[in-house]
Amino acid sequence: MSIQPQDESGTRRCRLLLLNSLDVDTIASPDGDRQLAADFTSAKHLALSRKAFGGISIQGLLYPEKAMGDCQLYRMDEYDPQRIPVVFVHGLMSDPHIWLNMVSTLCADPVLRKRYQPWYFLYPTAMGVPQAAAMLRKSLETARAHFDPDHNDPGMHRMVLVGHSMGGLLSRMQVTDSGSKLWDGIFSRPPHEINVSENVRASMTEALFVKPLPYVERVIFIATPHRGSKIASLNIVRRLTSLIRIPLDSLMMVNEILYGNMDALSPQITKWGVFSFISIGMLSERHPLLKGLNETTPAVDHHSIIGDRGRRVPREDSSDGVVPYWSSHLSTAESETMVPHGHGCVEEADVVHEVLQLLHEHLEAR
C-alpha cells in the first residue's frame, strides 16, 4: 500500500496493490526491494486436515455409493498454466488427509512452490481397481479439457502422479498400454463374445483397455502392491468384506458378468464371485487382473518408495507389514528407495524428502 502526500484540500489518497505471493517474492519500495511475508501452509492444513474429511475413508470402503458424489479431482490453488500439476492419490480405506505433510513441505519449498500446483484425487476405495482408475482418468481428462482445451499449457503437459498403496495401481493404469492383457486376465473370450448388455460391455471395455495419458510424464509409487498382498486373500478378510454395501448398479453389473459368462471367466473369478470385483479382492496376489497388469510396463519414468519397517532382513524378504518387497519392486523403476517404515509411511519425513527430491529432478529433466 502506498500513501500519497496531501492534496490542496488536505486529502490523502492511498493505493492498495494486491499480489499473489505464489508468483511474487519481493516488491520494490523507495528504500529498496522488500521480501513479502506469506503463509503458504495454513490453507493446506485447513484443506487436508483429518477433520475436513470426517469419516469419508470408512464411508468410501463400507458405503461407497454415499461417497460417489465426492469422487473427483480437487485443486488447492488457483489454476496456473505454467505450474505442473502433481496429483496425489490415496490408497485403500484412506483419504487425502495423508498428504498433508507432503503438500505442506512442498509449499514451503520456494522452488517447488513456484513450479508445481498440488492436486488430489478422492474416491470410494471399495470400488474395483479398474473402475476407480477409470474415475481418475475421467477426472484428469475433464480437468485438462476445462483448463487447457487447446492442449498448450506447459505445466499441464508435465504432470506427475504420486500414488500410495492402491492409489499407486490407479496411477499406474494412467500410464499403461494394456492391450488386451487386463481383459484376458479376467475373460477367455473377446468383448464382443461376452454375454452382457451393451452398457456393461462398454463400461468393462473402457476400464480394461487403457492407453497412457500423453500429459502424464512421471509416476511415484509409495508402498504399491503391484503383485498384490497375501493379506487380501485371507478368509477373515473375505468374510469382513460382507460388510461392504456395494452400489446397486455395480452389483447388478457384476451379477450380469458372473451369471451370464461362467464359461468365459478366469477360474479364480468364478471361485471368488463378487469378492473378485471389489478392491480388496483385486489386491490379492492371486487376482488375475494383477497378473495381466504386470505383463505391462509403465510408459513413463517411474520410481518406487518401499517400506521395510527397519528390520534387518535381506531386501528380498522384507515387507512393510502389508505389502512385501516382491510385490512393491519394479525392475523397470528409475529409482528404488527403501525406508524403515510400515505401510502407512507417506507422512514420514524421509518419504516426504524423497518425493520432493524426485520433483526437483523432474524439473531438471528438460
# chains A, B, ... in the order shown; residues from 1 in each chain; ligands from 1
>>> closest_atom_pairs(of="segment 153-261 of chain A", to="segment 290-293 of chain A", cutoff="12 Å", atoms="only C-alpha atoms", output="JSON lines")
{"residue": "A:Met166", "atom": "CA", "partner": "A:Leu290", "partner_atom": "CA", "distance": 11.7}
{"residue": "A:Leu169", "atom": "CA", "partner": "A:Leu293", "partner_atom": "CA", "distance": 9.2}
{"residue": "A:Leu170", "atom": "CA", "partner": "A:Leu293", "partner_atom": "CA", "distance": 11.2}
{"residue": "A:Arg172", "atom": "CA", "partner": "A:Leu293", "partner_atom": "CA", "distance": 9.1}
{"residue": "A:Met173", "atom": "CA", "partner": "A:Leu293", "partner_atom": "CA", "distance": 8.4}
{"residue": "A:Gln174", "atom": "CA", "partner": "A:Leu293", "partner_atom": "CA", "distance": 11.9}
{"residue": "A:Val175", "atom": "CA", "partner": "A:Leu293", "partner_atom": "CA", "distance": 11.5}
{"residue": "A:Thr176", "atom": "CA", "partner": "A:Leu293", "partner_atom": "CA", "distance": 8.5}
{"residue": "A:Asp177", "atom": "CA", "partner": "A:Leu293", "partner_atom": "CA", "distance": 9.5}
{"residue": "A:Ser178", "atom": "CA", "partner": "A:Leu293", "partner_atom": "CA", "distance": 7.2}
{"residue": "A:Gly179", "atom": "CA", "partner": "A:Gly292", "partner_atom": "CA", "distance": 9.9}
{"residue": "A:Ser180", "atom": "CA", "partner": "A:Gly292", "partner_atom": "CA", "distance": 8.6}
{"residue": "A:Lys181", "atom": "CA", "partner": "A:Gly292", "partner_atom": "CA", "distance": 4.9}
{"residue": "A:Leu182", "atom": "CA", "partner": "A:Gly292", "partner_atom": "CA", "distance": 4.9}
{"residue": "A:Trp183", "atom": "CA", "partner": "A:Gly292", "partner_atom": "CA", "distance": 8.0}
{"residue": "A:Asp184", "atom": "CA", "partner": "A:Gly292", "partner_atom": "CA", "distance": 7.4}
{"residue": "A:Gly185", "atom": "CA", "partner": "A:Gly292", "partner_atom": "CA", "distance": 5.4}
{"residue": "A:Ile186", "atom": "CA", "partner": "A:Gly292", "partner_atom": "CA", "distance": 8.7}
{"residue": "A:Phe187", "atom": "CA", "partner": "A:Gly292", "partner_atom": "CA", "distance": 11.2}
{"residue": "A:Leu208", "atom": "CA", "partner": "A:Leu293", "partner_atom": "CA", "distance": 9.9}
{"residue": "A:Phe209", "atom": "CA", "partner": "A:Leu293", "partner_atom": "CA", "distance": 11.0}
{"residue": "A:Val210", "atom": "CA", "partner": "A:Leu293", "partner_atom": "CA", "distance": 10.8}
{"residue": "A:Thr224", "atom": "CA", "partner": "A:Leu290", "partner_atom": "CA", "distance": 11.9}
{"residue": "A:Pro225", "atom": "CA", "partner": "A:Leu290", "partner_atom": "CA", "distance": 9.1}
{"residue": "A:His226", "atom": "CA", "partner": "A:Leu290", "partner_atom": "CA", "distance": 6.8}
{"residue": "A:Arg227", "atom": "CA", "partner": "A:Leu290", "partner_atom": "CA", "distance": 5.8}
{"residue": "A:Gly228", "atom": "CA", "partner": "A:Leu290", "partner_atom": "CA", "distance": 7.0}
{"residue": "A:Ser229", "atom": "CA", "partner": "A:Leu290", "partner_atom": "CA", "distance": 10.6}
>>> write_last_selection(atoms="N, CA, C and O atoms", output="compact mmCIF listing (two decimals), in the first residue's frame")
# COMPACT_ATOMS: atom_id res chain seq x y z
N MET A 166 -2.98 -48.78 -3.00
CA MET A 166 -3.91 -48.96 -4.12
C MET A 166 -3.89 -47.75 -5.05
O MET A 166 -4.08 -47.88 -6.26
N LEU A 169 -1.65 -48.22 -7.90
CA LEU A 169 -2.20 -49.02 -9.01
C LEU A 169 -3.08 -48.16 -9.91
O LEU A 169 -3.03 -48.28 -11.14
N LEU A 170 -3.88 -47.29 -9.30
CA LEU A 170 -4.71 -46.38 -10.09
C LEU A 170 -3.82 -45.48 -10.95
O LEU A 170 -4.12 -45.23 -12.12
N ARG A 172 -0.73 -46.13 -11.93
CA ARG A 172 -0.07 -46.95 -12.96
C ARG A 172 -0.95 -47.14 -14.18
O ARG A 172 -0.46 -47.14 -15.31
N MET A 173 -2.24 -47.27 -13.97
CA MET A 173 -3.14 -47.51 -15.10
C MET A 173 -3.36 -46.27 -15.95
O MET A 173 -3.96 -46.36 -17.02
N GLN A 174 -2.85 -45.12 -15.50
CA GLN A 174 -2.93 -43.91 -16.33
C GLN A 174 -1.75 -43.84 -17.30
O GLN A 174 -1.77 -43.04 -18.24
N VAL A 175 -0.73 -44.66 -17.09
CA VAL A 175 0.48 -44.61 -17.93
C VAL A 175 0.79 -45.97 -18.52
O VAL A 175 1.94 -46.27 -18.84
N THR A 176 -0.23 -46.79 -18.68
CA THR A 176 -0.07 -48.17 -19.15
C THR A 176 -0.78 -48.38 -20.47
O THR A 176 -1.91 -47.92 -20.66
N ASP A 177 -0.10 -49.06 -21.37
CA ASP A 177 -0.74 -49.54 -22.59
C ASP A 177 -1.06 -51.01 -22.34
O ASP A 177 -0.21 -51.89 -22.44
N SER A 178 -2.31 -51.27 -22.00
CA SER A 178 -2.69 -52.61 -21.55
C SER A 178 -2.86 -53.61 -22.68
O SER A 178 -2.77 -54.83 -22.45
N GLY A 179 -3.11 -53.11 -23.90
CA GLY A 179 -3.50 -54.05 -24.94
C GLY A 179 -4.70 -54.84 -24.45
O GLY A 179 -5.63 -54.26 -23.86
N SER A 180 -4.67 -56.14 -24.60
CA SER A 180 -5.77 -56.97 -24.11
C SER A 180 -5.39 -57.73 -22.85
O SER A 180 -6.14 -58.60 -22.39
N LYS A 181 -4.24 -57.39 -22.24
CA LYS A 181 -3.73 -58.18 -21.11
C LYS A 181 -4.65 -58.14 -19.89
O LYS A 181 -4.83 -59.16 -19.22
N LEU A 182 -5.21 -56.98 -19.58
CA LEU A 182 -6.12 -56.91 -18.43
C LEU A 182 -7.41 -57.67 -18.70
O LEU A 182 -7.91 -58.40 -17.84
N TRP A 183 -7.93 -57.49 -19.89
CA TRP A 183 -9.16 -58.19 -20.27
C TRP A 183 -8.93 -59.70 -20.26
O TRP A 183 -9.73 -60.46 -19.71
N ASP A 184 -7.82 -60.13 -20.85
CA ASP A 184 -7.54 -61.57 -20.95
C ASP A 184 -7.29 -62.20 -19.59
O ASP A 184 -7.44 -63.42 -19.44
N GLY A 185 -6.90 -61.38 -18.60
CA GLY A 185 -6.73 -61.93 -17.26
C GLY A 185 -8.06 -62.33 -16.64
O GLY A 185 -8.11 -63.25 -15.82
N ILE A 186 -9.13 -61.67 -17.04
CA ILE A 186 -10.45 -61.93 -16.45
C ILE A 186 -11.33 -62.79 -17.36
O ILE A 186 -12.02 -63.70 -16.90
N PHE A 187 -11.28 -62.52 -18.66
CA PHE A 187 -12.13 -63.23 -19.62
C PHE A 187 -11.31 -64.08 -20.58
O PHE A 187 -10.19 -63.72 -20.94
N LEU A 208 -10.82 -51.74 -18.91
CA LEU A 208 -9.78 -52.75 -19.05
C LEU A 208 -8.88 -52.58 -20.26
O LEU A 208 -7.84 -53.25 -20.36
N PHE A 209 -9.25 -51.73 -21.18
CA PHE A 209 -8.38 -51.42 -22.33
C PHE A 209 -7.94 -49.96 -22.16
O PHE A 209 -8.72 -49.04 -22.42
N VAL A 210 -6.70 -49.75 -21.72
CA VAL A 210 -6.25 -48.40 -21.42
C VAL A 210 -4.98 -48.06 -22.19
O VAL A 210 -4.20 -48.94 -22.56
N THR A 224 3.30 -49.62 -3.05
CA THR A 224 2.27 -50.05 -4.01
C THR A 224 2.31 -51.56 -4.23
O THR A 224 3.36 -52.11 -4.56
N PRO A 225 1.18 -52.25 -4.08
CA PRO A 225 1.14 -53.71 -4.25
C PRO A 225 0.97 -54.11 -5.73
O PRO A 225 -0.09 -54.59 -6.12
N HIS A 226 2.01 -53.93 -6.51
CA HIS A 226 1.91 -54.25 -7.93
C HIS A 226 1.52 -55.71 -8.17
O HIS A 226 0.85 -56.03 -9.16
N ARG A 227 1.95 -56.57 -7.28
CA ARG A 227 1.63 -58.00 -7.40
C ARG A 227 0.71 -58.48 -6.28
O ARG A 227 0.60 -59.66 -6.01
N GLY A 228 0.08 -57.53 -5.61
CA GLY A 228 -0.91 -57.87 -4.59
C GLY A 228 -0.30 -58.17 -3.23
O GLY A 228 0.89 -58.02 -2.99
N SER A 229 -1.16 -58.60 -2.34
CA SER A 229 -0.78 -58.92 -0.96
C SER A 229 -1.53 -60.16 -0.50
O SER A 229 -2.72 -60.32 -0.80
>>> select_by_dssp(residues="segment 198-338 of chain A", states="helix (DSSP H, G or I)", output="PyMOL selection string")
chain A and resi 198-208+230-233+235-243+248-260+262-264+267-277+279-282+288-293+315-317+325-328
>>> closest_residue(among="A:Asp33, A:Glu217, A:Glu354, A:Asp249", to="Val87 of chain A", atoms="only C-alpha atoms")
A:Glu217
>>> residues_around(residues="Tyr79 of chain A", least_positions_apart="2", cutoff="12 Å", atoms="only C-alpha atoms", output="PyMOL selection string")
chain A and resi 22+74-77+81-85+116-119+143-144+146-148+153+155-156
>>> residues_around(residues="segment 190-196 of chain A", least_positions_apart="2", cutoff="9 Å", atoms="only C-alpha atoms", output="PyMOL selection string")
chain A and resi 180+183-184+187-188+198-202+204-205+253+256-257+260-261+264
>>> residues_around(residues="Val355 of chain A", least_positions_apart="6", cutoff="12 Å", atoms="only C-alpha atoms", output="JSON, numbers by chain")
{"A": [86, 88, 99, 101, 102, 103, 105, 106, 112, 160, 161, 162, 163, 164, 218, 219, 220, 221, 222, 302, 303, 304, 305, 335, 336, 337, 345, 346, 347, 348, 349, 361, 362]}
>>> write_last_selection(atoms="C-alpha atoms", output="CSV table (one decimal), in the first residue's frame")
chain,number,residue,atom,x,y,z
A,86,VAL,CA,1.3,-33.0,-9.1
A,88,PHE,CA,-1.8,-37.2,-5.0
A,99,TRP,CA,-0.8,-36.0,2.1
A,101,ASN,CA,2.9,-33.2,5.5
A,102,MET,CA,3.9,-33.7,1.9
A,103,VAL,CA,1.9,-30.9,0.5
A,105,THR,CA,6.5,-29.2,2.8
A,106,LEU,CA,6.2,-28.9,-0.9
A,112,LEU,CA,8.7,-26.3,-5.9
A,160,VAL,CA,3.3,-36.1,-12.0
A,161,LEU,CA,1.2,-38.7,-10.2
A,162,VAL,CA,2.0,-39.8,-6.7
A,163,GLY,CA,0.1,-42.9,-5.5
A,164,HIS,CA,0.1,-44.7,-2.2
A,218,ARG,CA,6.2,-39.3,-14.2
A,219,VAL,CA,4.8,-41.6,-11.5
A,220,ILE,CA,6.0,-42.1,-8.0
A,221,PHE,CA,4.8,-45.3,-6.3
A,222,ILE,CA,4.7,-45.5,-2.5
A,302,HIS,CA,8.6,-44.2,-12.5
A,303,HIS,CA,10.0,-44.5,-9.0
A,304,SER,CA,9.4,-46.8,-6.1
A,305,ILE,CA,9.5,-46.0,-2.4
A,335,SER,CA,15.0,-45.4,-8.7
A,336,GLU,CA,14.0,-47.6,-5.7
A,337,THR,CA,14.3,-46.2,-2.2
A,345,CYS,CA,4.6,-44.3,5.6
A,346,VAL,CA,3.6,-41.3,3.5
A,347,GLU,CA,3.7,-38.8,6.4
A,348,GLU,CA,7.2,-39.8,7.4
A,349,ALA,CA,9.9,-37.1,6.9
A,361,GLU,CA,14.7,-33.9,-10.5
A,362,HIS,CA,11.6,-33.8,-12.7
>>> closest_residue(among="A:Glu141, A:Ala365, A:Gly307, A:Pro130", to="Leu289 of chain A", atoms="only C-alpha atoms")
A:Pro130
>>> residues_around(residues="Tyr325 of chain A", least_positions_apart="5", cutoff="9 Å", atoms="only C-alpha atoms", output="MDAnalysis selection string")
chainID A and resid 223 225 306:308 315:320
>>> write_last_selection(atoms="N, CA, C and O atoms", output="PDB file, in the first residue's frame")
ATOM      1  N   ALA A 223       4.731 -47.725  -1.499  1.00  0.00           N
ATOM      2  CA  ALA A 223       4.145 -48.936  -0.895  1.00  0.00           C
ATOM      3  C   ALA A 223       3.031 -49.506  -1.760  1.00  0.00           C
ATOM      4  O   ALA A 223       1.953 -49.848  -1.268  1.00  0.00           O
ATOM      5  N   PRO A 225       1.183 -52.251  -4.076  1.00  0.00           N
ATOM      6  CA  PRO A 225       1.140 -53.715  -4.254  1.00  0.00           C
ATOM      7  C   PRO A 225       0.968 -54.111  -5.727  1.00  0.00           C
ATOM      8  O   PRO A 225      -0.095 -54.590  -6.123  1.00  0.00           O
ATOM      9  N   ILE A 306       9.652 -47.915  -0.929  1.00  0.00           N
ATOM     10  CA  ILE A 306       9.213 -49.178  -0.345  1.00  0.00           C
ATOM     11  C   ILE A 306       9.615 -49.248   1.125  1.00  0.00           C
ATOM     12  O   ILE A 306      10.759 -48.953   1.482  1.00  0.00           O
ATOM     13  N   GLY A 307       8.698 -49.632   1.981  1.00  0.00           N
ATOM     14  CA  GLY A 307       8.978 -49.744   3.410  1.00  0.00           C
ATOM     15  C   GLY A 307       9.447 -51.131   3.810  1.00  0.00           C
ATOM     16  O   GLY A 307       8.983 -52.135   3.254  1.00  0.00           O
ATOM     17  N   ASP A 308      10.368 -51.183   4.788  1.00  0.00           N
ATOM     18  CA  ASP A 308      10.803 -52.483   5.316  1.00  0.00           C
ATOM     19  C   ASP A 308      10.723 -52.540   6.837  1.00  0.00           C
ATOM     20  O   ASP A 308      11.230 -53.470   7.459  1.00  0.00           O
ATOM     21  N   ARG A 315      16.724 -57.604   1.608  1.00  0.00           N
ATOM     22  CA  ARG A 315      15.705 -56.785   0.956  1.00  0.00           C
ATOM     23  C   ARG A 315      14.610 -57.654   0.341  1.00  0.00           C
ATOM     24  O   ARG A 315      13.419 -57.339   0.449  1.00  0.00           O
ATOM     25  N   GLU A 316      14.986 -58.747  -0.282  1.00  0.00           N
ATOM     26  CA  GLU A 316      14.025 -59.611  -0.964  1.00  0.00           C
ATOM     27  C   GLU A 316      13.012 -60.235  -0.013  1.00  0.00           C
ATOM     28  O   GLU A 316      11.933 -60.649  -0.423  1.00  0.00           O
ATOM     29  N   ASP A 317      13.368 -60.322   1.266  1.00  0.00           N
ATOM     30  CA  ASP A 317      12.481 -60.928   2.264  1.00  0.00           C
ATOM     31  C   ASP A 317      11.735 -59.883   3.097  1.00  0.00           C
ATOM     32  O   ASP A 317      10.988 -60.241   4.012  1.00  0.00           O
ATOM     33  N   SER A 318      11.936 -58.611   2.798  1.00  0.00           N
ATOM     34  CA  SER A 318      11.355 -57.558   3.621  1.00  0.00           C
ATOM     35  C   SER A 318       9.902 -57.279   3.256  1.00  0.00           C
ATOM     36  O   SER A 318       9.403 -57.728   2.222  1.00  0.00           O
ATOM     37  N   SER A 319       9.245 -56.519   4.124  1.00  0.00           N
ATOM     38  CA  SER A 319       7.833 -56.180   3.934  1.00  0.00           C
ATOM     39  C   SER A 319       7.531 -54.922   4.728  1.00  0.00           C
ATOM     40  O   SER A 319       8.207 -54.621   5.719  1.00  0.00           O
ATOM     41  N   ASP A 320       6.518 -54.183   4.306  1.00  0.00           N
ATOM     42  CA  ASP A 320       6.091 -53.027   5.097  1.00  0.00           C
ATOM     43  C   ASP A 320       4.986 -53.404   6.080  1.00  0.00           C
ATOM     44  O   ASP A 320       4.368 -52.552   6.698  1.00  0.00           O
TER      45      ASP A 320
END
>>> select_by_dssp(residues="segment 206-302 of chain A", states="strand (DSSP E)", output="PyMOL selection string")
chain A and resi 216-222+301-302
>>> write_last_selection(atoms="C-alpha atoms", output="PDB file, in the first residue's frame")
ATOM      1  CA  VAL A 216       1.491 -37.544 -17.525  1.00  0.00           C
ATOM      2  CA  GLU A 217       5.294 -37.648 -17.515  1.00  0.00           C
ATOM      3  CA  ARG A 218       6.234 -39.312 -14.233  1.00  0.00           C
ATOM      4  CA  VAL A 219       4.751 -41.565 -11.536  1.00  0.00           C
ATOM      5  CA  ILE A 220       5.961 -42.099  -7.969  1.00  0.00           C
ATOM      6  CA  PHE A 221       4.786 -45.319  -6.298  1.00  0.00           C
ATOM      7  CA  ILE A 222       4.715 -45.496  -2.491  1.00  0.00           C
ATOM      8  CA  ASP A 301       9.680 -42.598 -15.791  1.00  0.00           C
ATOM      9  CA  HIS A 302       8.589 -44.182 -12.543  1.00  0.00           C
TER      10      HIS A 302
END
>>> closest_residue(among="A:Thr26, A:Ser327, A:Ser203, A:Ser233", to="Ser250 of chain A", atoms="only C-alpha atoms")
A:Ser203
>>> residues_around(residues="segment 47-63 of chain A", least_positions_apart="3", cutoff="9 Å", atoms="only C-alpha atoms", output="PyMOL selection string")
chain A and resi 42-44+66-68+76+92-100+103+123-127+241+243-247+279
